[in-house]
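Undergrad: This is the content of work-v9.csv (CSV, N, CA and C atoms):
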```
chain,number,residue,atom,x,y,z
A,150,MET,N,0.2,-0.5,21.5
A,150,MET,CA,1.3,0.2,20.7
A,150,MET,C,1.5,-0.5,19.4
A,151,GLY,N,1.1,-1.8,19.3
A,151,GLY,CA,1.3,-2.5,18.0
A,151,GLY,C,0.5,-1.9,16.9
A,152,TRP,N,-0.7,-1.5,17.1
A,152,TRP,CA,-1.6,-0.9,16.1
A,152,TRP,C,-1.1,0.4,15.6
A,153,LEU,N,-0.5,1.2,16.5
A,153,LEU,CA,0.1,2.5,16.1
A,153,LEU,C,1.3,2.2,15.1
A,154,TRP,N,2.2,1.3,15.5
A,154,TRP,CA,3.3,0.9,14.6
A,154,TRP,C,2.8,0.4,13.3
A,155,SER,N,1.7,-0.4,13.3
A,155,SER,CA,1.1,-0.9,12.0
A,155,SER,C,0.6,0.2,11.2
A,156,LEU,N,0.0,1.2,11.8
A,156,LEU,CA,-0.5,2.4,11.0
A,156,LEU,C,0.7,3.2,10.4
A,157,ILE,N,1.7,3.4,11.2
A,157,ILE,CA,2.9,4.2,10.7
A,157,ILE,C,3.5,3.4,9.5
A,158,VAL,N,3.8,2.2,9.7
A,158,VAL,CA,4.5,1.4,8.6
A,158,VAL,C,3.6,1.3,7.4
A,159,GLY,N,2.3,1.1,7.6
A,159,GLY,CA,1.3,1.0,6.5
A,159,GLY,C,1.3,2.3,5.7
A,160,GLY,N,1.3,3.5,6.4
A,160,GLY,CA,1.3,4.8,5.8
A,160,GLY,C,2.6,5.0,5.0
A,161,LEU,N,3.7,4.6,5.6
A,161,LEU,CA,5.0,4.7,4.9
A,161,LEU,C,5.1,3.9,3.6
A,162,ILE,N,4.5,2.7,3.7
A,162,ILE,CA,4.5,1.8,2.5
A,162,ILE,C,3.6,2.4,1.4
A,163,GLY,N,2.4,2.9,1.8
A,163,GLY,CA,1.5,3.6,0.9
A,163,GLY,C,2.2,4.8,0.2
A,164,TRP,N,2.9,5.6,1.1
A,164,TRP,CA,3.5,6.8,0.6
A,164,TRP,C,4.7,6.4,-0.4
A,165,GLY,N,5.4,5.4,0.0
A,165,GLY,CA,6.5,4.9,-0.9
A,165,GLY,C,6.0,4.4,-2.3
A,166,ALA,N,4.9,3.7,-2.2
A,166,ALA,CA,4.3,3.2,-3.5
A,166,ALA,C,3.9,4.4,-4.4
A,167,GLY,N,3.2,5.4,-3.8
A,167,GLY,CA,2.8,6.6,-4.5
A,167,GLY,C,4.0,7.3,-5.0
A,168,ALA,N,5.1,7.4,-4.3
A,168,ALA,CA,6.3,8.1,-4.7
A,168,ALA,C,7.0,7.3,-5.9
A,169,ILE,N,7.0,6.0,-5.8
A,169,ILE,CA,7.6,5.2,-6.9
A,169,ILE,C,6.8,5.5,-8.2
A,170,LEU,N,5.5,5.5,-8.1
A,170,LEU,CA,4.6,5.7,-9.3
A,170,LEU,C,4.6,7.1,-9.7
A,171,GLY,N,4.8,8.0,-8.8
A,171,GLY,CA,4.7,9.5,-9.1
A,171,GLY,C,3.3,9.9,-9.1
A,172,LYS,N,2.4,9.2,-8.4
A,172,LYS,CA,1.0,9.5,-8.4
A,172,LYS,C,0.6,9.6,-6.9
A,173,ASP,N,-0.4,10.5,-6.7
A,173,ASP,CA,-0.8,10.7,-5.3
A,173,ASP,C,-1.9,9.7,-5.0
A,174,VAL,N,-1.9,9.2,-3.8
A,174,VAL,CA,-3.0,8.3,-3.4
A,174,VAL,C,-4.2,9.2,-3.0
A,175,PRO,N,-5.4,8.9,-3.5
A,175,PRO,CA,-6.5,9.7,-3.1
A,175,PRO,C,-6.8,9.5,-1.6
A,176,GLY,N,-7.0,10.6,-0.9
A,176,GLY,CA,-7.3,10.6,0.6
A,176,GLY,C,-6.2,11.0,1.4
A,177,GLY,N,-5.1,11.4,0.9
A,177,GLY,CA,-3.9,11.9,1.6
A,177,GLY,C,-3.3,10.9,2.6
A,178,ILE,N,-3.1,11.3,3.8
A,178,ILE,CA,-2.5,10.4,4.8
A,178,ILE,C,-3.3,9.2,5.1
A,179,ILE,N,-4.6,9.4,5.2
A,179,ILE,CA,-5.5,8.2,5.5
A,179,ILE,C,-5.5,7.3,4.3
A,180,GLY,N,-5.5,7.8,3.1
A,180,GLY,CA,-5.4,7.0,1.9
A,180,GLY,C,-4.1,6.2,1.8
A,181,ASN,N,-3.0,6.8,2.2
A,181,ASN,CA,-1.7,6.1,2.2
A,181,ASN,C,-1.7,5.0,3.2
A,182,ILE,N,-2.3,5.2,4.4
A,182,ILE,CA,-2.4,4.2,5.4
A,182,ILE,C,-3.2,3.0,4.9
A,183,ILE,N,-4.4,3.3,4.3
A,183,ILE,CA,-5.3,2.3,3.8
A,183,ILE,C,-4.6,1.5,2.7
A,184,CYS,N,-4.0,2.3,1.8
A,184,CYS,CA,-3.4,1.6,0.6
A,184,CYS,C,-2.2,0.7,1.1
A,185,GLY,N,-1.4,1.2,2.0
A,185,GLY,CA,-0.3,0.4,2.5
A,185,GLY,C,-0.8,-0.9,3.2
A,186,MET,N,-1.8,-0.8,4.0
A,186,MET,CA,-2.3,-1.9,4.7
A,186,MET,C,-3.0,-2.9,3.8
A,187,LEU,N,-3.8,-2.4,2.9
A,187,LEU,CA,-4.5,-3.3,1.9
A,187,LEU,C,-3.5,-3.9,0.9
A,188,GLY,N,-2.5,-3.1,0.5
A,188,GLY,CA,-1.5,-3.6,-0.4
A,188,GLY,C,-0.7,-4.7,0.3
A,189,SER,N,-0.4,-4.6,1.5
A,189,SER,CA,0.3,-5.6,2.3
A,189,SER,C,-0.6,-6.9,2.4
A,190,TRP,N,-1.9,-6.7,2.6
A,190,TRP,CA,-2.7,-7.9,2.7
A,190,TRP,C,-2.8,-8.6,1.4
A,191,VAL,N,-3.0,-7.8,0.3
A,191,VAL,CA,-3.0,-8.4,-1.0
A,191,VAL,C,-1.7,-9.2,-1.4
A,192,ALA,N,-0.6,-8.5,-1.1
A,192,ALA,CA,0.7,-9.2,-1.3
A,192,ALA,C,0.9,-10.4,-0.5
A,193,SER,N,0.5,-10.4,0.8
A,193,SER,CA,0.7,-11.6,1.6
A,193,SER,C,-0.3,-12.7,1.2
A,194,THR,N,-1.4,-12.4,0.5
A,194,THR,CA,-2.3,-13.4,0.0
A,194,THR,C,-1.7,-14.1,-1.2
A,195,PHE,N,-1.1,-13.3,-2.1
A,195,PHE,CA,-0.7,-13.8,-3.4
A,195,PHE,C,0.8,-14.1,-3.5
A,196,LEU,N,1.6,-13.4,-2.7
A,196,LEU,CA,3.0,-13.6,-2.8
A,196,LEU,C,3.6,-14.1,-1.5
A,197,GLN,N,4.7,-14.7,-1.5
A,197,GLN,CA,5.3,-15.1,-0.3
A,197,GLN,C,5.9,-13.9,0.4
A,198,ASP,N,6.1,-14.0,1.7
A,198,ASP,CA,6.8,-12.9,2.5
A,198,ASP,C,8.3,-13.1,2.3
A,199,PHE,N,8.9,-12.1,1.6
A,199,PHE,CA,10.3,-12.1,1.4
A,199,PHE,C,10.8,-10.7,1.6
A,200,GLY,N,12.1,-10.6,1.9
A,200,GLY,CA,12.7,-9.3,2.1
A,200,GLY,C,12.6,-8.9,3.6
A,201,PRO,N,13.0,-7.7,3.9
A,201,PRO,CA,13.0,-7.3,5.3
A,201,PRO,C,11.5,-7.1,5.8
A,202,VAL,N,11.4,-7.4,7.1
A,202,VAL,CA,10.1,-7.3,7.7
A,202,VAL,C,10.1,-6.2,8.7
A,203,ILE,N,9.3,-5.2,8.6
A,203,ILE,CA,9.2,-4.1,9.5
A,203,ILE,C,7.8,-4.0,10.0
A,204,GLY,N,7.6,-4.0,11.3
A,204,GLY,CA,6.3,-3.8,11.9
A,204,GLY,C,5.3,-4.9,11.5
A,205,GLY,N,5.8,-6.1,11.2
A,205,GLY,CA,4.9,-7.1,10.7
A,205,GLY,C,4.6,-7.1,9.3
A,206,TYR,N,5.2,-6.2,8.5
A,206,TYR,CA,5.0,-6.1,7.1
A,206,TYR,C,6.2,-6.5,6.3
A,207,ALA,N,6.1,-7.4,5.4
A,207,ALA,CA,7.3,-7.7,4.5
A,207,ALA,C,7.3,-6.6,3.5
A,208,VAL,N,8.4,-5.8,3.5
A,208,VAL,CA,8.4,-4.5,2.8
A,208,VAL,C,8.3,-4.7,1.3
A,209,VAL,N,9.0,-5.6,0.7
A,209,VAL,CA,9.0,-5.7,-0.8
A,209,VAL,C,7.7,-6.1,-1.3
A,210,PRO,N,7.1,-7.2,-0.8
A,210,PRO,CA,5.8,-7.6,-1.3
A,210,PRO,C,4.7,-6.5,-1.0
A,211,SER,N,4.8,-5.9,0.1
A,211,SER,CA,3.9,-4.8,0.5
A,211,SER,C,3.9,-3.7,-0.5
A,212,LEU,N,5.1,-3.3,-0.9
A,212,LEU,CA,5.3,-2.2,-1.9
A,212,LEU,C,4.7,-2.7,-3.2
A,213,ILE,N,4.9,-3.9,-3.6
A,213,ILE,CA,4.4,-4.4,-4.9
A,213,ILE,C,2.8,-4.4,-4.8
A,214,GLY,N,2.3,-4.9,-3.7
A,214,GLY,CA,0.8,-4.9,-3.6
A,214,GLY,C,0.2,-3.5,-3.6
A,215,SER,N,0.9,-2.6,-2.9
A,215,SER,CA,0.4,-1.2,-2.9
A,215,SER,C,0.5,-0.5,-4.2
A,216,ILE,N,1.6,-0.8,-5.0
A,216,ILE,CA,1.7,-0.2,-6.3
A,216,ILE,C,0.6,-0.7,-7.2
A,217,VAL,N,0.3,-2.0,-7.1
A,217,VAL,CA,-0.8,-2.6,-7.9
A,217,VAL,C,-2.1,-1.9,-7.5
A,218,LEU,N,-2.3,-1.8,-6.2
A,218,LEU,CA,-3.6,-1.2,-5.7
A,218,LEU,C,-3.7,0.2,-6.2
A,219,ILE,N,-2.7,1.0,-6.1
A,219,ILE,CA,-2.7,2.4,-6.6
A,219,ILE,C,-3.0,2.5,-8.1
A,220,LEU,N,-2.4,1.6,-8.9
A,220,LEU,CA,-2.7,1.6,-10.3
A,220,LEU,C,-4.1,1.3,-10.6
A,221,ILE,N,-4.7,0.3,-9.9
A,221,ILE,CA,-6.1,-0.1,-10.1
A,221,ILE,C,-7.0,1.0,-9.7
A,222,LEU,N,-6.7,1.6,-8.5
A,222,LEU,CA,-7.5,2.7,-8.0
A,222,LEU,C,-7.5,3.9,-8.9
A,223,ASN,N,-6.3,4.3,-9.4
A,223,ASN,CA,-6.3,5.4,-10.4
A,223,ASN,C,-7.0,5.1,-11.7
A,224,PHE,N,-6.9,3.9,-12.1
A,224,PHE,CA,-7.6,3.5,-13.4
A,224,PHE,C,-9.1,3.6,-13.2
A,225,ILE,N,-9.6,3.1,-12.1
A,225,ILE,CA,-11.0,3.2,-11.8
A,225,ILE,C,-11.5,4.6,-11.7
A,226,LEU,N,-10.8,5.4,-10.9
A,226,LEU,CA,-11.1,6.8,-10.7
A,226,LEU,C,-11.1,7.6,-12.0
A,227,LYS,N,-10.1,7.3,-12.9
A,227,LYS,CA,-10.0,8.0,-14.2
A,227,LYS,C,-11.2,7.6,-15.1
A,228,ARG,N,-11.7,6.4,-15.0
A,228,ARG,CA,-12.8,5.9,-15.8
A,228,ARG,C,-14.1,6.6,-15.3
A,229,LEU,N,-14.2,6.8,-14.0
A,229,LEU,CA,-15.4,7.4,-13.5
A,229,LEU,C,-15.6,8.9,-13.8
A,230,ASN,N,-14.5,9.5,-14.0
A,230,ASN,CA,-14.5,11.0,-14.3
A,230,ASN,C,-14.7,11.2,-15.8
```
With the file now loaded, output its structure as structure tokens.
TA:
Amino acid sequence: MGWLWSLIVGGLIGWGAGAILGKDVPGGIIGNIICGMLGSWVASTFLQDFGPVIGGYAVVPSLIGSIVLILILNFILKRLN
């Protein structure tokens, strides 16, 4: 059950980051989940865990990491087209 909770929270973090930026994450729901989980991993690597923790994810650093990841991804995809 823990992995399901992790997927749900990762998806919500990815969706929230996309909503804050006003940009869609490529890949839809799967993209949101991947972006939220990778953003959380990046944030936990470079930032301390602070703020509320939901499902094993520190929400504030995870959002920051996901926002950075979305910006980089959109920049790369824009350059490729």
Undergrad: With 7 Å as the threshold, what does the neighbourhood of (2.6, 0.0, 3.9) contain in terms of residues, counting only N, CA and C atoms? Coordinates are those of the file; answer as a VMD selection string.
TA: chain A and resid 157 to 164 181 to 182 184 to 189 211 to 212
Undergrad: Go through A:Ile219, A:Ile178, A:Phe199, A:Trp190 and flag the residue nearest Leu156 of chain A, using only C-alpha atoms for the distances.
TA: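 Answer, going by the shortest atom-to-atom distance: A:Ile178.
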Undergrad: Atom C of Asp198 of chain A to atom N of Gly167 of chain A: how many Å, to one decimal?
TA: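 Going from atom C of Asp198 of chain A over to atom N of Gly167 of chain A covers 20.1 Å.
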Undergrad: Atom CA of Val208 of chain A to atom N of Leu226 of chain A: how many Å, to one decimal?
TA: 25.6 Å
Undergrad: To one decimal in Å, tell me the separation between atom CA of Leu196 of chain A and atom CA of Leu222 of chain A.
TA: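 A separation of 20.1 Å between them.
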